[in-house]
Amino acid sequence: RKEVEQDPGPFNVPEGATVAFNCTYSNSASQSFFWYRQDCRKEPKLLMSVYSSGNEDGRFTAQLNRASQYISLLIRDSKLSDSATYLCVVTSWGGNQFYFGTGTSLTVIP
Amino acid sequence: GAVVSQHPSWVICKSGTSVKIECRSLDFQATTMFWYRQFPKQSLMLMATSNEGSKATYEQGVEKDKFLINHASLTLSTLTVTSAHPEDSSFYICSARGQYEQYFGPGTRLTVT
C-alpha cells in the first residue's frame, strides 16, 4: 500500500469556482503534513503546512483529519494562476522521511 | 528563505557517458540532502538520502553503483549517473531539509540520447 494516495485528476474548473482535493495516508504515526505546488517543469514549492486545527491562507484552506487519516486542500475563487499540480506530502515520525502523493492536476479555465 | 541550487539545470549526454549533478544549500548547512527523480506526469520518487560524511542510503530498486552520491560538505551533495542510458532520462531534483520544511532545488533535466 502506498504511503500517500491522491486522486491524480485532472480537475478542470472555471475561474471563480471552489475546488477541493483530498489525500489519504497509511501510517497513523505520520508526523507532519504539507501541501506543495508544482508548476510544469519546475520544482515543488511549499504551499502550506497542515495542522490538526486547520489553517487558512487567503483563498486556501487546509484540513487534517487524523482519525480518518486524510488531509484536504480547498481553493476558493479559483484563479487562472492556480493551475498547477498539487502534491500532498506526509512525513514519517521524526520527520526524516518525506512521502509524496502522485499529485493532483488542476487547470482553471477562463 | 532558504535556497537550494542545482547545476546544471539541463544536460544532454550520449548513452554510456556519466553525468554529475551538483546540489548546494546556499544559506544554510544541510547534513542531509535528498535526491528525487520525476518522470513525466508522475510524482517525485525518492532515490536516496545523502548524509554528510557518510554513505548514502538508497531506496529499494535504486542501484547504488549506477547512481553515485557524494556528500562531502555541509553545503554540497553530488549525484553522478554512471553509464547513462536513455531510460535514465528524467527530471532529477535535490532537496535539503530546513528547520520546518524541505527546500527543493530547481531540478536538472537529463536527456540521454
# chains A, B, ... in the order shown; residues from 1 in each chain; ligands from 1
>>> residues_around(residues="Phe98 in chain A", least_positions_apart="4", cutoff="9 Å", atoms="only C-alpha atoms", output="PyMOL selection string")
(chain A and resi 89-92) or (chain B and resi 46+102)
>>> interface_residues(of="chain A", to="chain B", cutoff="9 Å", atoms="only C-alpha atoms", output="JSON, numbers by chain")
{"A": [34, 41, 42, 43, 44, 45, 46, 49, 87, 96, 98, 99, 100, 101, 102, 103]}
>>> select_by_dssp(residues="chain B", states="strand (DSSP E or B)", output="PyMOL selection string")
chain B and resi 4-7+10-13+19-25+32-38+45-51+57-58+67-73+76-81+90-97+102-104+108-112
>>> residues_around(residues="range 66-74 of chain B", least_positions_apart="2", cutoff="12 Å", atoms="only C-alpha atoms", output="PyMOL selection string")
chain B and resi 16-37+47-59+61-64+76-85+88+92+94+96-97
>>> atom_distance(atom1="CA of Asn27 in chain A", atom2="CA of Phe11 in chain A")
26.8 Å
>>> atom_distance(atom1="CA of Leu73 in chain A", atom2="CA of Leu47 in chain A")
10.2 Å
>>> atom_distance(atom1="CA of Tyr51 in chain A", atom2="CA of Asn65 in chain A")
9.1 Å
>>> decode(residues="range 15-101 of chain B", atoms="C-alpha atoms", output="CSV table (one decimal), in the first residue's frame")
chain,number,residue,atom,x,y,z
B,15,SER,CA,24.4,6.8,-23.9
B,16,GLY,CA,27.3,5.3,-21.9
B,17,THR,CA,28.7,8.5,-20.6
B,18,SER,CA,28.5,9.7,-17.0
B,19,VAL,CA,26.8,12.9,-15.7
B,20,LYS,CA,27.4,14.7,-12.5
B,21,ILE,CA,24.7,16.9,-10.9
B,22,GLU,CA,25.5,19.2,-8.0
B,23,CYS,CA,23.2,20.3,-5.3
B,24,ARG,CA,24.1,23.2,-3.0
B,25,SER,CA,22.4,24.7,0.0
B,26,LEU,CA,23.2,28.4,-0.3
B,27,ASP,CA,22.5,29.9,3.0
B,28,PHE,CA,22.2,27.0,5.4
B,29,GLN,CA,24.0,23.9,6.3
B,30,ALA,CA,22.4,20.6,5.4
B,31,THR,CA,23.7,17.5,7.0
B,32,THR,CA,21.0,15.6,5.0
B,33,MET,CA,20.0,16.0,1.4
B,34,PHE,CA,17.6,14.0,-0.7
B,35,TRP,CA,17.7,13.1,-4.3
B,36,TYR,CA,14.5,12.5,-6.2
B,37,ARG,CA,13.6,11.5,-9.8
B,38,GLN,CA,10.4,12.5,-11.6
B,39,PHE,CA,9.2,11.1,-14.8
B,40,PRO,CA,6.7,12.9,-16.9
B,41,LYS,CA,3.2,13.1,-15.3
B,42,GLN,CA,4.4,11.2,-12.3
B,43,SER,CA,5.2,12.1,-8.7
B,44,LEU,CA,8.6,12.6,-7.2
B,45,MET,CA,10.3,9.4,-6.3
B,46,LEU,CA,12.9,9.4,-3.6
B,47,MET,CA,16.1,7.8,-4.9
B,48,ALA,CA,18.4,8.2,-1.9
B,49,THR,CA,19.2,10.1,1.2
B,50,SER,CA,22.6,11.8,1.2
B,51,ASN,CA,24.3,12.1,4.5
B,52,GLU,CA,27.3,14.4,5.0
B,53,GLY,CA,30.4,12.4,5.8
B,54,SER,CA,28.9,9.0,5.4
B,55,LYS,CA,27.4,6.7,2.8
B,56,ALA,CA,24.1,7.5,1.2
B,57,THR,CA,21.0,5.5,1.9
B,58,TYR,CA,19.4,4.2,-1.2
B,59,GLU,CA,15.7,3.4,-1.7
B,60,GLN,CA,14.7,-0.1,-2.8
B,61,GLY,CA,15.3,-0.6,-6.5
B,62,VAL,CA,17.8,2.2,-6.9
B,63,GLU,CA,21.2,0.9,-8.0
B,64,LYS,CA,23.9,2.5,-5.8
B,65,ASP,CA,26.7,1.6,-8.3
B,66,LYS,CA,24.8,3.4,-11.0
B,67,PHE,CA,23.8,6.5,-9.1
B,68,LEU,CA,26.8,7.6,-7.1
B,69,ILE,CA,26.2,10.1,-4.3
B,70,ASN,CA,28.8,12.1,-2.6
B,71,HIS,CA,28.0,14.5,0.3
B,72,ALA,CA,31.5,15.8,1.0
B,73,SER,CA,30.5,19.0,2.8
B,74,LEU,CA,27.6,20.5,4.7
B,75,THR,CA,26.5,22.5,1.6
B,76,LEU,CA,27.2,20.2,-1.3
B,77,SER,CA,25.9,16.9,-2.4
B,78,THR,CA,26.6,15.4,-5.9
B,79,LEU,CA,24.7,12.7,-7.9
B,80,THR,CA,26.6,11.0,-10.7
B,81,VAL,CA,24.6,9.0,-13.2
B,82,THR,CA,27.1,6.5,-14.5
B,83,SER,CA,26.9,4.8,-17.9
B,84,ALA,CA,23.7,6.7,-18.6
B,85,HIS,CA,21.0,5.0,-20.7
B,86,PRO,CA,18.0,6.6,-22.4
B,87,GLU,CA,15.8,5.3,-19.7
B,88,ASP,CA,17.7,7.4,-17.2
B,89,SER,CA,16.3,10.5,-18.9
B,90,SER,CA,14.3,12.2,-16.3
B,91,PHE,CA,14.0,15.3,-14.1
B,92,TYR,CA,16.3,15.0,-11.1
B,93,ILE,CA,15.6,17.2,-8.1
B,94,CYS,CA,17.5,17.5,-4.9
B,95,SER,CA,16.3,18.9,-1.6
B,96,ALA,CA,17.7,19.8,1.7
B,97,ARG,CA,15.8,19.8,5.0
B,98,GLY,CA,15.5,23.1,6.8
B,99,GLN,CA,14.0,23.6,10.2
B,100,TYR,CA,10.4,23.2,9.2
B,101,GLU,CA,10.2,22.1,5.6
